[in-house]
Structures are given as structure tokens and as C-alpha cells.
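Text of input-v8.pdb (PDB, C-alpha atoms and all ligand atoms) as supplied:
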```pdb
ATOM      1  CA  MET A   1     -67.290   3.750   9.740  1.00  0.00           C
ATOM      2  CA  SER A   2     -65.314   0.645  10.163  1.00  0.00           C
ATOM      3  CA  PRO A   3     -64.064  -1.216   7.121  1.00  0.00           C
ATOM      4  CA  ARG A   4     -65.723  -4.239   8.675  1.00  0.00           C
ATOM      5  CA  ARG A   5     -69.180  -3.108   7.692  1.00  0.00           C
ATOM      6  CA  GLU A   6     -69.513  -4.473   4.198  1.00  0.00           C
ATOM      7  CA  ARG A   7     -72.812  -3.801   2.552  1.00  0.00           C
ATOM      8  CA  GLY A   8     -73.510  -5.742  -0.623  1.00  0.00           C
ATOM      9  CA  ASP A   9     -72.045  -4.599  -3.880  1.00  0.00           C
ATOM     10  CA  ASN A  10     -74.397  -3.513  -6.565  1.00  0.00           C
ATOM     11  CA  ALA A  11     -74.856  -5.581  -9.650  1.00  0.00           C
ATOM     12  CA  PRO A  12     -71.858  -5.662 -11.983  1.00  0.00           C
ATOM     13  CA  GLY A  13     -72.186  -3.107 -14.712  1.00  0.00           C
ATOM     14  CA  GLN A  14     -74.293  -0.719 -12.714  1.00  0.00           C
ATOM     15  CA  SER A  15     -73.264   2.826 -13.515  1.00  0.00           C
ATOM     16  CA  ARG A  16     -70.921   4.420 -11.057  1.00  0.00           C
ATOM     17  CA  THR A  17     -71.770   7.363  -8.911  1.00  0.00           C
ATOM     18  CA  ILE A  18     -70.770  10.759 -10.130  1.00  0.00           C
ATOM     19  CA  CYS A  19     -70.657  13.440  -7.502  1.00  0.00           C
ATOM     20  CA  ILE A  20     -71.923  16.319  -9.558  1.00  0.00           C
ATOM     21  CA  THR A  21     -70.396  19.594  -8.596  1.00  0.00           C
ATOM     22  CA  GLY A  22     -72.025  22.878  -9.359  1.00  0.00           C
ATOM     23  CA  GLY A  23     -73.586  21.578 -12.544  1.00  0.00           C
ATOM     24  CA  ALA A  24     -70.545  19.614 -13.695  1.00  0.00           C
ATOM     25  CA  LYS A  25     -71.633  16.611 -15.728  1.00  0.00           C
ATOM     26  CA  THR A  26     -68.675  14.318 -15.193  1.00  0.00           C
ATOM     27  CA  VAL A  27     -66.280  13.328 -12.490  1.00  0.00           C
ATOM     28  CA  LYS A  28     -63.550  15.117 -14.448  1.00  0.00           C
ATOM     29  CA  ASP A  29     -65.567  18.321 -14.508  1.00  0.00           C
ATOM     30  CA  ALA A  30     -66.379  18.013 -10.852  1.00  0.00           C
ATOM     31  CA  ALA A  31     -62.776  17.352  -9.922  1.00  0.00           C
ATOM     32  CA  SER A  32     -61.390  20.185 -11.953  1.00  0.00           C
ATOM     33  CA  ARG A  33     -63.971  22.658 -10.730  1.00  0.00           C
ATOM     34  CA  GLY A  34     -64.295  21.445  -7.200  1.00  0.00           C
ATOM     35  CA  CYS A  35     -67.319  22.523  -5.245  1.00  0.00           C
ATOM     36  CA  SER A  36     -67.517  25.039  -2.495  1.00  0.00           C
ATOM     37  CA  PHE A  37     -69.727  25.549   0.489  1.00  0.00           C
ATOM     38  CA  GLY A  38     -68.562  28.001   3.076  1.00  0.00           C
ATOM     39  CA  GLY A  39     -64.968  27.530   2.002  1.00  0.00           C
ATOM     40  CA  ILE A  40     -64.919  23.730   1.639  1.00  0.00           C
ATOM     41  CA  ARG A  41     -64.312  22.114  -1.745  1.00  0.00           C
ATOM     42  CA  LEU A  42     -64.637  18.434  -2.596  1.00  0.00           C
ATOM     43  CA  VAL A  43     -61.940  17.422  -5.053  1.00  0.00           C
ATOM     44  CA  GLU A  44     -61.840  13.900  -6.401  1.00  0.00           C
ATOM     45  CA  ILE A  45     -58.581  12.054  -5.799  1.00  0.00           C
ATOM     46  CA  THR A  46     -56.853  11.490  -9.142  1.00  0.00           C
ATOM     47  CA  PRO A  47     -53.451  10.320 -10.398  1.00  0.00           C
ATOM     48  CA  ASP A  48     -52.441  13.999 -10.440  1.00  0.00           C
ATOM     49  CA  ASN A  49     -53.192  14.891  -6.843  1.00  0.00           C
ATOM     50  CA  TRP A  50     -53.162  11.753  -4.715  1.00  0.00           C
ATOM     51  CA  ARG A  51     -49.604  12.317  -3.479  1.00  0.00           C
ATOM     52  CA  ASP A  52     -50.456  15.824  -2.288  1.00  0.00           C
ATOM     53  CA  ILE A  53     -52.995  14.654   0.258  1.00  0.00           C
ATOM     54  CA  LYS A  54     -51.602  14.189   3.760  1.00  0.00           C
ATOM     55  CA  VAL A  55     -54.439  13.881   6.227  1.00  0.00           C
ATOM     56  CA  GLU A  56     -54.864  11.737   9.305  1.00  0.00           C
ATOM     57  CA  VAL A  57     -56.858  11.454  12.490  1.00  0.00           C
ATOM     58  CA  SER A  58     -55.409  11.376  15.997  1.00  0.00           C
ATOM     59  CA  CYS A  59     -54.116   8.126  17.486  1.00  0.00           C
ATOM     60  CA  GLU A  60     -57.218   7.816  19.677  1.00  0.00           C
ATOM     61  CA  GLN A  61     -59.469   8.121  16.601  1.00  0.00           C
ATOM     62  CA  LYS A  62     -57.764   5.492  14.459  1.00  0.00           C
ATOM     63  CA  GLY A  63     -60.423   2.928  15.327  1.00  0.00           C
ATOM     64  CA  PHE A  64     -63.137   5.159  13.910  1.00  0.00           C
ATOM     65  CA  VAL A  65     -62.031   5.315  10.266  1.00  0.00           C
ATOM     66  CA  ALA A  66     -59.581   3.791   7.817  1.00  0.00           C
ATOM     67  CA  SER A  67     -56.374   5.626   6.944  1.00  0.00           C
ATOM     68  CA  TYR A  68     -55.992   7.623   3.737  1.00  0.00           C
ATOM     69  CA  VAL A  69     -54.134   4.832   1.944  1.00  0.00           C
ATOM     70  CA  LEU A  70     -56.558   2.161   3.092  1.00  0.00           C
ATOM     71  CA  THR A  71     -59.444   4.349   1.979  1.00  0.00           C
ATOM     72  CA  LEU A  72     -57.912   4.554  -1.505  1.00  0.00           C
ATOM     73  CA  ALA A  73     -57.592   0.775  -1.554  1.00  0.00           C
ATOM     74  CA  ARG A  74     -61.156   0.449  -0.373  1.00  0.00           C
ATOM     75  CA  ALA A  75     -62.448   2.708  -3.131  1.00  0.00           C
ATOM     76  CA  TYR A  76     -60.614   0.551  -5.663  1.00  0.00           C
ATOM     77  CA  VAL A  77     -62.288  -2.549  -4.287  1.00  0.00           C
ATOM     78  CA  TYR A  78     -65.652  -0.787  -4.554  1.00  0.00           C
ATOM     79  CA  ARG A  79     -64.950   0.746  -7.973  1.00  0.00           C
ATOM     80  CA  ARG A  80     -67.884  -1.099  -9.559  1.00  0.00           C
ATOM     81  CA  SER A  81     -70.146   0.141  -6.787  1.00  0.00           C
ATOM     82  CA  GLY A  82     -69.497   3.814  -7.346  1.00  0.00           C
ATOM     83  CA  GLY A  83     -66.461   3.958  -5.073  1.00  0.00           C
ATOM     84  CA  LEU A  84     -65.046   7.500  -5.110  1.00  0.00           C
ATOM     85  CA  VAL A  85     -62.712   9.373  -2.788  1.00  0.00           C
ATOM     86  CA  PHE A  86     -62.743  13.133  -2.331  1.00  0.00           C
ATOM     87  CA  ALA A  87     -60.190  15.315  -0.631  1.00  0.00           C
ATOM     88  CA  LEU A  88     -61.838  18.072   1.389  1.00  0.00           C
ATOM     89  CA  TYR A  89     -60.109  21.373   0.731  1.00  0.00           C
ATOM     90  CA  SER A  90     -60.269  24.592   2.668  1.00  0.00           C
ATOM     91  CA  GLU A  91     -58.790  27.109   0.278  1.00  0.00           C
ATOM     92  CA  GLU A  92     -55.590  25.375  -0.864  1.00  0.00           C
ATOM     93  CA  SER A  93     -55.211  23.026   2.104  1.00  0.00           C
ATOM     94  CA  PRO A  94     -56.514  19.446   2.193  1.00  0.00           C
ATOM     95  CA  VAL A  95     -58.264  19.216   5.568  1.00  0.00           C
ATOM     96  CA  GLY A  96     -60.002  15.859   5.299  1.00  0.00           C
ATOM     97  CA  LEU A  97     -61.242  12.944   3.250  1.00  0.00           C
ATOM     98  CA  LEU A  98     -64.533  11.380   2.241  1.00  0.00           C
ATOM     99  CA  MET A  99     -65.181   8.142   0.388  1.00  0.00           C
ATOM    100  CA  GLN A 100     -68.598   7.351  -1.018  1.00  0.00           C
ATOM    101  CA  ARG A 101     -70.111   4.284  -2.578  1.00  0.00           C
ATOM    102  CA  ASP A 102     -73.453   2.973  -3.751  1.00  0.00           C
ATOM    103  CA  TRP A 103     -75.618   0.413  -2.080  1.00  0.00           C
ATOM    104  CA  GLU A 104     -79.075  -1.021  -2.631  1.00  0.00           C
ATOM    105  CA  ASP A 105     -81.258  -1.537   0.402  1.00  0.00           C
ATOM    106  CA  ASP A 106     -83.444  -4.573   1.004  1.00  0.00           C
ATOM    107  CA  GLU A 107     -86.156  -3.103  -1.219  1.00  0.00           C
ATOM    108  CA  GLY A 108     -83.738  -2.354  -4.035  1.00  0.00           C
ATOM    109  CA  LEU A 109     -83.734   1.385  -3.400  1.00  0.00           C
ATOM    110  CA  PRO A 110     -80.501   3.222  -4.227  1.00  0.00           C
ATOM    111  CA  VAL A 111     -78.609   4.439  -1.192  1.00  0.00           C
ATOM    112  CA  CYS A 112     -75.409   6.479  -1.115  1.00  0.00           C
ATOM    113  CA  ILE A 113     -72.952   5.678   1.677  1.00  0.00           C
ATOM    114  CA  PRO A 114     -70.279   7.987   3.025  1.00  0.00           C
ATOM    115  CA  ASP A 115     -68.008   5.049   3.684  1.00  0.00           C
ATOM    116  CA  GLN A 116     -65.061   6.825   5.261  1.00  0.00           C
ATOM    117  CA  PHE A 117     -65.134  10.437   6.408  1.00  0.00           C
ATOM    118  CA  PHE A 118     -62.710  12.359   8.537  1.00  0.00           C
ATOM    119  CA  ILE A 119     -61.169  15.733   9.181  1.00  0.00           C
ATOM    120  CA  ASP A 120     -57.435  15.941   9.776  1.00  0.00           C
ATOM    121  CA  ARG A 121     -56.484  16.038  13.445  1.00  0.00           C
ATOM    122  CA  ASP A 122     -55.135  19.595  13.138  1.00  0.00           C
ATOM    123  CA  TYR A 123     -58.356  20.951  11.648  1.00  0.00           C
ATOM    124  CA  GLN A 124     -60.988  19.313  13.814  1.00  0.00           C
ATOM    125  CA  GLY A 125     -63.418  21.293  15.943  1.00  0.00           C
ATOM    126  CA  ARG A 126     -63.483  24.295  13.616  1.00  0.00           C
ATOM    127  CA  GLY A 127     -66.641  23.556  11.675  1.00  0.00           C
ATOM    128  CA  TYR A 128     -64.952  21.867   8.698  1.00  0.00           C
ATOM    129  CA  GLY A 129     -66.617  18.505   9.269  1.00  0.00           C
ATOM    130  CA  LYS A 130     -70.099  19.962   9.284  1.00  0.00           C
ATOM    131  CA  LYS A 131     -69.456  22.135   6.241  1.00  0.00           C
ATOM    132  CA  ALA A 132     -67.895  19.258   4.340  1.00  0.00           C
ATOM    133  CA  MET A 133     -70.804  16.915   5.082  1.00  0.00           C
ATOM    134  CA  GLN A 134     -73.312  19.612   4.106  1.00  0.00           C
ATOM    135  CA  THR A 135     -71.446  20.144   0.842  1.00  0.00           C
ATOM    136  CA  TRP A 136     -71.351  16.456   0.085  1.00  0.00           C
ATOM    137  CA  LEU A 137     -75.046  15.995   0.931  1.00  0.00           C
ATOM    138  CA  ASP A 138     -75.895  18.889  -1.343  1.00  0.00           C
ATOM    139  CA  ASN A 139     -74.001  17.229  -4.186  1.00  0.00           C
ATOM    140  CA  VAL A 140     -75.639  13.867  -3.612  1.00  0.00           C
ATOM    141  CA  ARG A 141     -79.094  15.471  -3.590  1.00  0.00           C
ATOM    142  CA  LYS A 142     -78.342  17.213  -6.884  1.00  0.00           C
ATOM    143  CA  THR A 143     -77.678  13.914  -8.613  1.00  0.00           C
ATOM    144  CA  CYS A 144     -81.294  12.835  -7.891  1.00  0.00           C
ATOM    145  CA  ARG A 145     -80.000   9.255  -7.962  1.00  0.00           C
ATOM    146  CA  TYR A 146     -80.555   8.200  -4.394  1.00  0.00           C
ATOM    147  CA  LYS A 147     -83.481   7.699  -2.049  1.00  0.00           C
ATOM    148  CA  ALA A 148     -81.412   7.868   1.102  1.00  0.00           C
ATOM    149  CA  ILE A 149     -78.008   8.274   2.689  1.00  0.00           C
ATOM    150  CA  GLY A 150     -76.959   5.410   4.935  1.00  0.00           C
ATOM    151  CA  LEU A 151     -73.980   5.390   7.251  1.00  0.00           C
ATOM    152  CA  CYS A 152     -72.457   3.804  10.317  1.00  0.00           C
ATOM    153  CA  TYR A 153     -70.289   5.157  13.069  1.00  0.00           C
ATOM    154  CA  LYS A 154     -68.468   3.412  15.883  1.00  0.00           C
ATOM    155  CA  GLU A 155     -70.105   3.231  19.268  1.00  0.00           C
ATOM    156  CA  GLY A 156     -68.520   5.941  21.387  1.00  0.00           C
ATOM    157  CA  ASP A 157     -67.818   8.272  18.477  1.00  0.00           C
ATOM    158  CA  THR A 158     -69.899  11.023  20.068  1.00  0.00           C
ATOM    159  CA  VAL A 159     -68.638  13.796  17.817  1.00  0.00           C
ATOM    160  CA  ALA A 160     -69.666  11.914  14.667  1.00  0.00           C
ATOM    161  CA  GLU A 161     -73.010  10.995  16.207  1.00  0.00           C
ATOM    162  CA  ASN A 162     -73.729  14.628  17.113  1.00  0.00           C
ATOM    163  CA  LEU A 163     -72.606  15.836  13.716  1.00  0.00           C
ATOM    164  CA  TYR A 164     -74.903  13.459  11.844  1.00  0.00           C
ATOM    165  CA  ALA A 165     -77.861  13.989  14.179  1.00  0.00           C
ATOM    166  CA  GLY A 166     -77.488  17.735  13.731  1.00  0.00           C
ATOM    167  CA  LEU A 167     -77.791  17.273   9.983  1.00  0.00           C
ATOM    168  CA  GLY A 168     -81.029  15.303  10.268  1.00  0.00           C
ATOM    169  CA  PHE A 169     -79.780  11.709  10.294  1.00  0.00           C
ATOM    170  CA  ILE A 170     -81.820   9.383  12.472  1.00  0.00           C
ATOM    171  CA  ARG A 171     -80.740   6.185  14.177  1.00  0.00           C
ATOM    172  CA  ARG A 172     -81.646   2.901  12.520  1.00  0.00           C
ATOM    173  CA  PRO A 173     -80.882   0.229  15.110  1.00  0.00           C
ATOM    174  CA  GLN A 174     -82.148  -2.601  12.893  1.00  0.00           C
ATOM    175  CA  ASP A 175     -79.084  -2.016  10.679  1.00  0.00           C
ATOM    176  CA  ASP A 176     -76.580  -2.002  13.558  1.00  0.00           C
ATOM    177  CA  ASP A 177     -73.723  -4.453  13.270  1.00  0.00           C
ATOM    178  CA  GLY A 178     -71.926  -5.027  16.559  1.00  0.00           C
ATOM    179  CA  ASP A 179     -70.372  -1.726  17.612  1.00  0.00           C
ATOM    180  CA  GLU A 180     -71.244  -0.196  14.252  1.00  0.00           C
ATOM    181  CA  LEU A 181     -74.291   1.988  14.752  1.00  0.00           C
ATOM    182  CA  ALA A 182     -76.437   2.827  11.746  1.00  0.00           C
ATOM    183  CA  MET A 183     -78.104   6.074  10.751  1.00  0.00           C
ATOM    184  CA  VAL A 184     -80.168   7.079   7.749  1.00  0.00           C
ATOM    185  CA  LEU A 185     -81.202  10.301   6.074  1.00  0.00           C
ATOM    186  CA  LEU A 186     -84.089  10.073   3.639  1.00  0.00           C
ATOM    187  CA  LEU A 187     -83.676  12.307   0.575  1.00  0.00           C
TER     188      LEU A 187
HETATM  189  C1  LIG B   1     -66.330  13.492  13.181  1.00  0.00           C
HETATM  190  C2  LIG B   1     -65.494  14.599  12.515  1.00  0.00           C
HETATM  191  C3  LIG B   1     -65.485  14.378  11.004  1.00  0.00           C
HETATM  192  C4  LIG B   1     -66.146  15.960  12.817  1.00  0.00           C
HETATM  193  O1  LIG B   1     -65.422  16.963  12.153  1.00  0.00           O
HETATM  194  P1  LIG B   1     -65.072  18.348  12.900  1.00  0.00           P
HETATM  195  O2  LIG B   1     -64.551  19.271  11.889  1.00  0.00           O
HETATM  196  O3  LIG B   1     -64.214  18.056  14.070  1.00  0.00           O
HETATM  197  O4  LIG B   1     -66.523  18.787  13.417  1.00  0.00           O
HETATM  198  P2  LIG B   1     -67.161  20.252  13.424  1.00  0.00           P
HETATM  199  O5  LIG B   1     -66.232  21.204  14.095  1.00  0.00           O
HETATM  200  O6  LIG B   1     -67.611  20.590  12.058  1.00  0.00           O
HETATM  201  O7  LIG B   1     -68.436  20.009  14.351  1.00  0.00           O
HETATM  202  C5  LIG B   1     -69.551  19.342  13.801  1.00  0.00           C
HETATM  203  C6  LIG B   1     -70.463  18.850  14.904  1.00  0.00           C
HETATM  204  O8  LIG B   1     -69.820  17.831  15.646  1.00  0.00           O
HETATM  205  C7  LIG B   1     -70.245  17.911  17.010  1.00  0.00           C
HETATM  206  N1  LIG B   1     -69.075  18.155  17.833  1.00  0.00           N
HETATM  207  C8  LIG B   1     -67.952  18.845  17.488  1.00  0.00           C
HETATM  208  N2  LIG B   1     -67.072  18.809  18.499  1.00  0.00           N
HETATM  209  C9  LIG B   1     -67.649  18.096  19.486  1.00  0.00           C
HETATM  210  C10 LIG B   1     -67.236  17.705  20.791  1.00  0.00           C
HETATM  211  N3  LIG B   1     -66.032  18.045  21.267  1.00  0.00           N
HETATM  212  N4  LIG B   1     -68.074  16.957  21.533  1.00  0.00           N
HETATM  213  C11 LIG B   1     -69.281  16.597  21.075  1.00  0.00           C
HETATM  214  N5  LIG B   1     -69.735  16.939  19.842  1.00  0.00           N
HETATM  215  C12 LIG B   1     -68.918  17.686  19.070  1.00  0.00           C
HETATM  216  C13 LIG B   1     -71.232  19.041  17.099  1.00  0.00           C
HETATM  217  O9  LIG B   1     -72.538  18.519  16.921  1.00  0.00           O
HETATM  218  C14 LIG B   1     -70.851  19.890  15.892  1.00  0.00           C
HETATM  219  O10 LIG B   1     -71.935  20.627  15.365  1.00  0.00           O
HETATM  220  P3  LIG B   1     -72.274  22.092  15.974  1.00  0.00           P
HETATM  221  O11 LIG B   1     -71.015  22.889  15.847  1.00  0.00           O
HETATM  222  O12 LIG B   1     -73.375  22.585  15.095  1.00  0.00           O
HETATM  223  O13 LIG B   1     -72.681  21.861  17.394  1.00  0.00           O
HETATM  224  C15 LIG B   1     -64.044  14.620  13.079  1.00  0.00           C
HETATM  225  O14 LIG B   1     -64.104  14.807  14.477  1.00  0.00           O
HETATM  226  C16 LIG B   1     -63.253  13.378  12.778  1.00  0.00           C
HETATM  227  O15 LIG B   1     -62.655  13.298  11.715  1.00  0.00           O
HETATM  228  N6  LIG B   1     -63.249  12.398  13.716  1.00  0.00           N
HETATM  229  C17 LIG B   1     -62.426  11.184  13.566  1.00  0.00           C
HETATM  230  C18 LIG B   1     -62.939  10.295  12.447  1.00  0.00           C
HETATM  231  C19 LIG B   1     -64.407   9.999  12.607  1.00  0.00           C
HETATM  232  O16 LIG B   1     -64.876   9.669  13.682  1.00  0.00           O
HETATM  233  N7  LIG B   1     -65.115  10.094  11.470  1.00  0.00           N
HETATM  234  C20 LIG B   1     -66.521   9.743  11.437  1.00  0.00           C
HETATM  235  C21 LIG B   1     -66.670   8.333  10.982  1.00  0.00           C
HETATM  236  S1  LIG B   1     -68.373   7.829  10.906  1.00  0.00           S
END
```

Whole structure, C-alpha cells version:
Amino acid sequence: MSPRRERGDNAPGQSRTICITGGAKTVKDAASRGCSFGGIRLVEITPDNWRDIKVEVSCEQKGFVASYVLTLARAYVYRRSGGLVFALYSEESPVGLLMQRDWEDDEGLPVCIPDQFFIDRDYQGRGYGKKAMQTWLDNVRKTCRYKAIGLCYKEGDTVAENLYAGLGFIRRPQDDDGDELAMVLLL
């Protein structure tokens, strides 16, 4: 998703998203325990681990997502809208990144957005992206806080499009914004 697609912030004071992990009740629990699904763990980025994460996409993919550092900045900007960033670990190696945030649709229904999501260039094409997205979706479902997942991908990002379609996302052209193509998954 491009940083250009800015969906409205939630009301100030609205509680922030907690990505519950395996029954963990707080972000701290979730981060310390991580969550696993076929070898992928989602670990929240914290002051203790943020320097350890070194993940990036290929040069040709840089238009599809923000960089790691920009994603951290973005999550800060969206901190009152549930902005969270997770490193995606395979065993002890960070293999990717996912930022999420909250959004309310036109009817006021709570939607969770995977705002930035990528697998490091050296780990792509090995099933990590699919496993990571399945893990994250599982966590979001467990919170019972959202009615849907909404996302956008750049026109021409065929791999992302196939990945999301394979997980049940459907196109939602009425939410398209230029070359940002929208998809939704009802929960
Ligand atoms: C999109 C991305 C996260 C996918 O991660 P990945 O680990 O490479 O993908 P996987 O190996 O798990 O494959 C997942 C699905 O992607 C699709 N896919 C994978 N490689 C593909 C290729 N070369 N061509 C077309 N589709 C492909 C398939 O549908 C695949 O599912 P399947 O194996 O059940 O058929 C990764 O390519 C990436 O980080 N791209 C750059 C950043 C980006 O575009 N992020 C998405 C922003 S919305």
C-alpha cells in the first residue's frame, strides 16, 4: 500500500488495537510471546528490538511499500488510530514487516488495515508472505474487534493481488484511489 492512501483517523481517545497473540491480553504479552503459524511469529517492534530489524524489498518493489524506517514513522503518526508495527520472524530471523491500523468505514464499522506489509527480498517466494498474512488475520479475528479487513495494493503488484485473492479478499473498486486498488475481507 502506498503511504498516499490516507484513510481517516479514528476519533481521538479511541482505544488502540492490540494484536492478541495466543491468548495474550496485552501488547507486551503478545510481543514477548510472539505468535506462530507454520514457523512465522509476529513480534511487535519495541525500543528493545527495533535496531535488530533489517528488512527491505528489492529496488523494483520500492514503489509498492514504504521502507522499514518510514513504516515506523507512519505508525507513530497513526498511534492514536491503533498504529502498530510487527516484525515477521521465521525462527530467529526477521523476514518481513507488517504495520496495522484502525479505520472506520462510511457506516462507522471498525475495519483493520494492514497498512504496510512486505517480505524481505531474500525471503520472498518461499511461502512466508502467505503464512505471515494468515497468522496476522488469525490474530485480528481473535480480537473480535473488527467487521472487516481493508487494504490497498498498487496496480501491477500481481504477487500481492494473488496473495490476497487466495486468502479470500475481494476487489472493492469503489474504494480505489488512483493506482491504489482496494480489497476487503469481511470477518
Ligand atoms: C507480496 C509479498 C508480501 C508476498 O510474499 P511472498 O513471501 O513472496 O509470497 P509467498 O511465497 O507466500 O506467496 C504467496 C502468494 O503470492 C502469489 N505469488 C507468489 N509468487 C508469485 C509470482 N511470482 N507471480 C504471481 N503470484 C505469485 C501466489 O498467489 C502465492 O500463493 P500460492 O503459493 O498459494 O500460490 C512479497 O512479494 C513482497 O513483499 N512484495 C513487495 C512488497 C509488496 O508488494 N507488498 C504488498 C503491499 S500491498

Task: Chain and number of each residue from the PyMOL selection byres (((chain A and resi 62-66) around 10) and not hetatm), as a list in words - done: Met1, Ser2, Pro3, Glu56, Val57, Ser58, Cys59, Glu60, Gln61, Ser67, Tyr68, Val69, Leu70, Thr71, Leu72, Arg74, Asp115, Gln116, Phe117, Phe118, Tyr153, Lys154, Glu155, Gly156, Asp157, Ala160 and Glu180 of chain A

Open item on the list: Using only C-alpha atoms and a cutoff of 12 Å, can you tell me which residues are near (-85.3, -1.0, 8.8) in the file's coordinates, and write them out as a PyMOL selection string?
Closed with: chain A and resi 105-107+150+170-176+182-184

TODO: In the coordinates of the file, take the point (-69.7, 17.5, 2.0) and a cut-off of 12 Å; then, counting all atoms listed in the file, name each qualifying protein, DNA or RNA residue as a PyMOL selection string.
DONE: chain A and resi 19-21+34-43+85-90+96-100+114+117-119+127-141+164+167

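Separating atom C15 of ligand LIG 1 (chain B) from atom CA of A:Gly168 is a distance of 17.2 Å.
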
Open item on the list: One number please: atom CA of A:Leu109 to atom CA of A:Lys147, in Å, one decimal.
Closed with: 6.5 Å

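Listed by chain and then by number, the residues chosen by the PyMOL selection byres (((chain A and resi 185) around 6) and not hetatm) in this file are Ala148, Ile149, Phe169, Val184 and Leu186 of chain A.
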
Box for stretch 41-53 of chain A - axis-aligned, 5 Å on each of the six sides, all listed atoms - centre and size in Å to one decimal, as lines of an AutoDock Vina configuration file.
```
center_x = -57.1
center_y = 16.2
center_z = -5.1
size_x = 25.0
size_y = 21.8
size_z = 20.7
```

- [ ] Please measure the separation of atom CA of A:Gly108 and atom CA of A:Ser81, giving the value in Å to one decimal.
- [x] 14.1 Å

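Proximity ranking of A:Val159, A:Tyr78, A:Leu151, A:Pro94 relative to A:Asp177 places A:Leu151 first, based on all atoms listed in the file.
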
Selection under test: the PyMOL selection byres (((chain A and resi 49) around 12) and not hetatm); residues as an mmCIF file with C-alpha atoms, in the coordinates of the input:
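To be explicit, this is the file written out as part15.cif:
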```cif
data_model
loop_
_atom_site.group_PDB
_atom_site.id
_atom_site.type_symbol
_atom_site.label_atom_id
_atom_site.label_comp_id
_atom_site.auth_asym_id
_atom_site.auth_seq_id
_atom_site.Cartn_x
_atom_site.Cartn_y
_atom_site.Cartn_z
ATOM 1 C CA ALA A 31 -62.776 17.352 -9.922
ATOM 2 C CA SER A 32 -61.390 20.185 -11.953
ATOM 3 C CA VAL A 43 -61.940 17.422 -5.053
ATOM 4 C CA GLU A 44 -61.840 13.900 -6.401
ATOM 5 C CA ILE A 45 -58.581 12.054 -5.799
ATOM 6 C CA THR A 46 -56.853 11.490 -9.142
ATOM 7 C CA PRO A 47 -53.451 10.320 -10.398
ATOM 8 C CA ASP A 48 -52.441 13.999 -10.440
ATOM 9 C CA TRP A 50 -53.162 11.753 -4.715
ATOM 10 C CA ARG A 51 -49.604 12.317 -3.479
ATOM 11 C CA ASP A 52 -50.456 15.824 -2.288
ATOM 12 C CA ILE A 53 -52.995 14.654 0.258
ATOM 13 C CA LYS A 54 -51.602 14.189 3.760
ATOM 14 C CA VAL A 85 -62.712 9.373 -2.788
ATOM 15 C CA PHE A 86 -62.743 13.133 -2.331
ATOM 16 C CA ALA A 87 -60.190 15.315 -0.631
ATOM 17 C CA PRO A 94 -56.514 19.446 2.193
#
```

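Of the listed residues (A:Arg80, A:Arg101, A:Arg145, A:Arg126), A:Arg126 comes nearest to ligand LIG 1 (chain B); the distances count all atoms listed in the file.
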
Would you fill the gaps in stretch 130-147 of chain A so it has N, CA and C atoms, then print it as a CSV table (one decimal), keeping the file's coordinate frame?
```csv
chain,number,residue,atom,x,y,z
A,130,LYS,N,-68.7,19.7,9.6
A,130,LYS,CA,-70.1,20.0,9.3
A,130,LYS,C,-70.2,20.6,7.9
A,131,LYS,N,-69.4,21.5,7.6
A,131,LYS,CA,-69.5,22.1,6.2
A,131,LYS,C,-69.2,21.1,5.1
A,132,ALA,N,-68.2,20.3,5.4
A,132,ALA,CA,-67.9,19.3,4.3
A,132,ALA,C,-69.1,18.3,4.1
A,133,MET,N,-69.7,17.8,5.2
A,133,MET,CA,-70.8,16.9,5.1
A,133,MET,C,-72.0,17.6,4.4
A,134,GLN,N,-72.2,18.9,4.8
A,134,GLN,CA,-73.3,19.6,4.1
A,134,GLN,C,-73.0,19.7,2.6
A,135,THR,N,-71.8,20.0,2.3
A,135,THR,CA,-71.4,20.1,0.8
A,135,THR,C,-71.7,18.8,0.1
A,136,TRP,N,-71.2,17.8,0.7
A,136,TRP,CA,-71.4,16.5,0.1
A,136,TRP,C,-72.8,16.1,-0.1
A,137,LEU,N,-73.6,16.3,1.0
A,137,LEU,CA,-75.0,16.0,0.9
A,137,LEU,C,-75.7,16.8,-0.2
A,138,ASP,N,-75.3,18.0,-0.3
A,138,ASP,CA,-75.9,18.9,-1.3
A,138,ASP,C,-75.6,18.3,-2.7
A,139,ASN,N,-74.4,17.8,-2.9
A,139,ASN,CA,-74.0,17.2,-4.2
A,139,ASN,C,-74.8,16.0,-4.5
A,140,VAL,N,-74.9,15.1,-3.4
A,140,VAL,CA,-75.6,13.9,-3.6
A,140,VAL,C,-77.1,14.2,-4.0
A,141,ARG,N,-77.7,15.1,-3.3
A,141,ARG,CA,-79.1,15.5,-3.6
A,141,ARG,C,-79.2,15.9,-5.1
A,142,LYS,N,-78.3,16.7,-5.5
A,142,LYS,CA,-78.3,17.2,-6.9
A,142,LYS,C,-78.3,16.1,-7.9
A,143,THR,N,-77.7,15.0,-7.6
A,143,THR,CA,-77.7,13.9,-8.6
A,143,THR,C,-79.1,13.3,-8.8
A,144,CYS,N,-79.9,13.4,-7.8
A,144,CYS,CA,-81.3,12.8,-7.9
A,144,CYS,C,-81.2,11.3,-8.1
A,145,ARG,N,-80.2,10.7,-7.7
A,145,ARG,CA,-80.0,9.3,-8.0
A,145,ARG,C,-80.3,8.4,-6.8
A,146,TYR,N,-80.5,9.0,-5.6
A,146,TYR,CA,-80.6,8.2,-4.4
A,146,TYR,C,-81.8,8.5,-3.6
A,147,LYS,N,-82.3,7.5,-2.9
A,147,LYS,CA,-83.5,7.7,-2.0
A,147,LYS,C,-83.1,8.0,-0.6
```
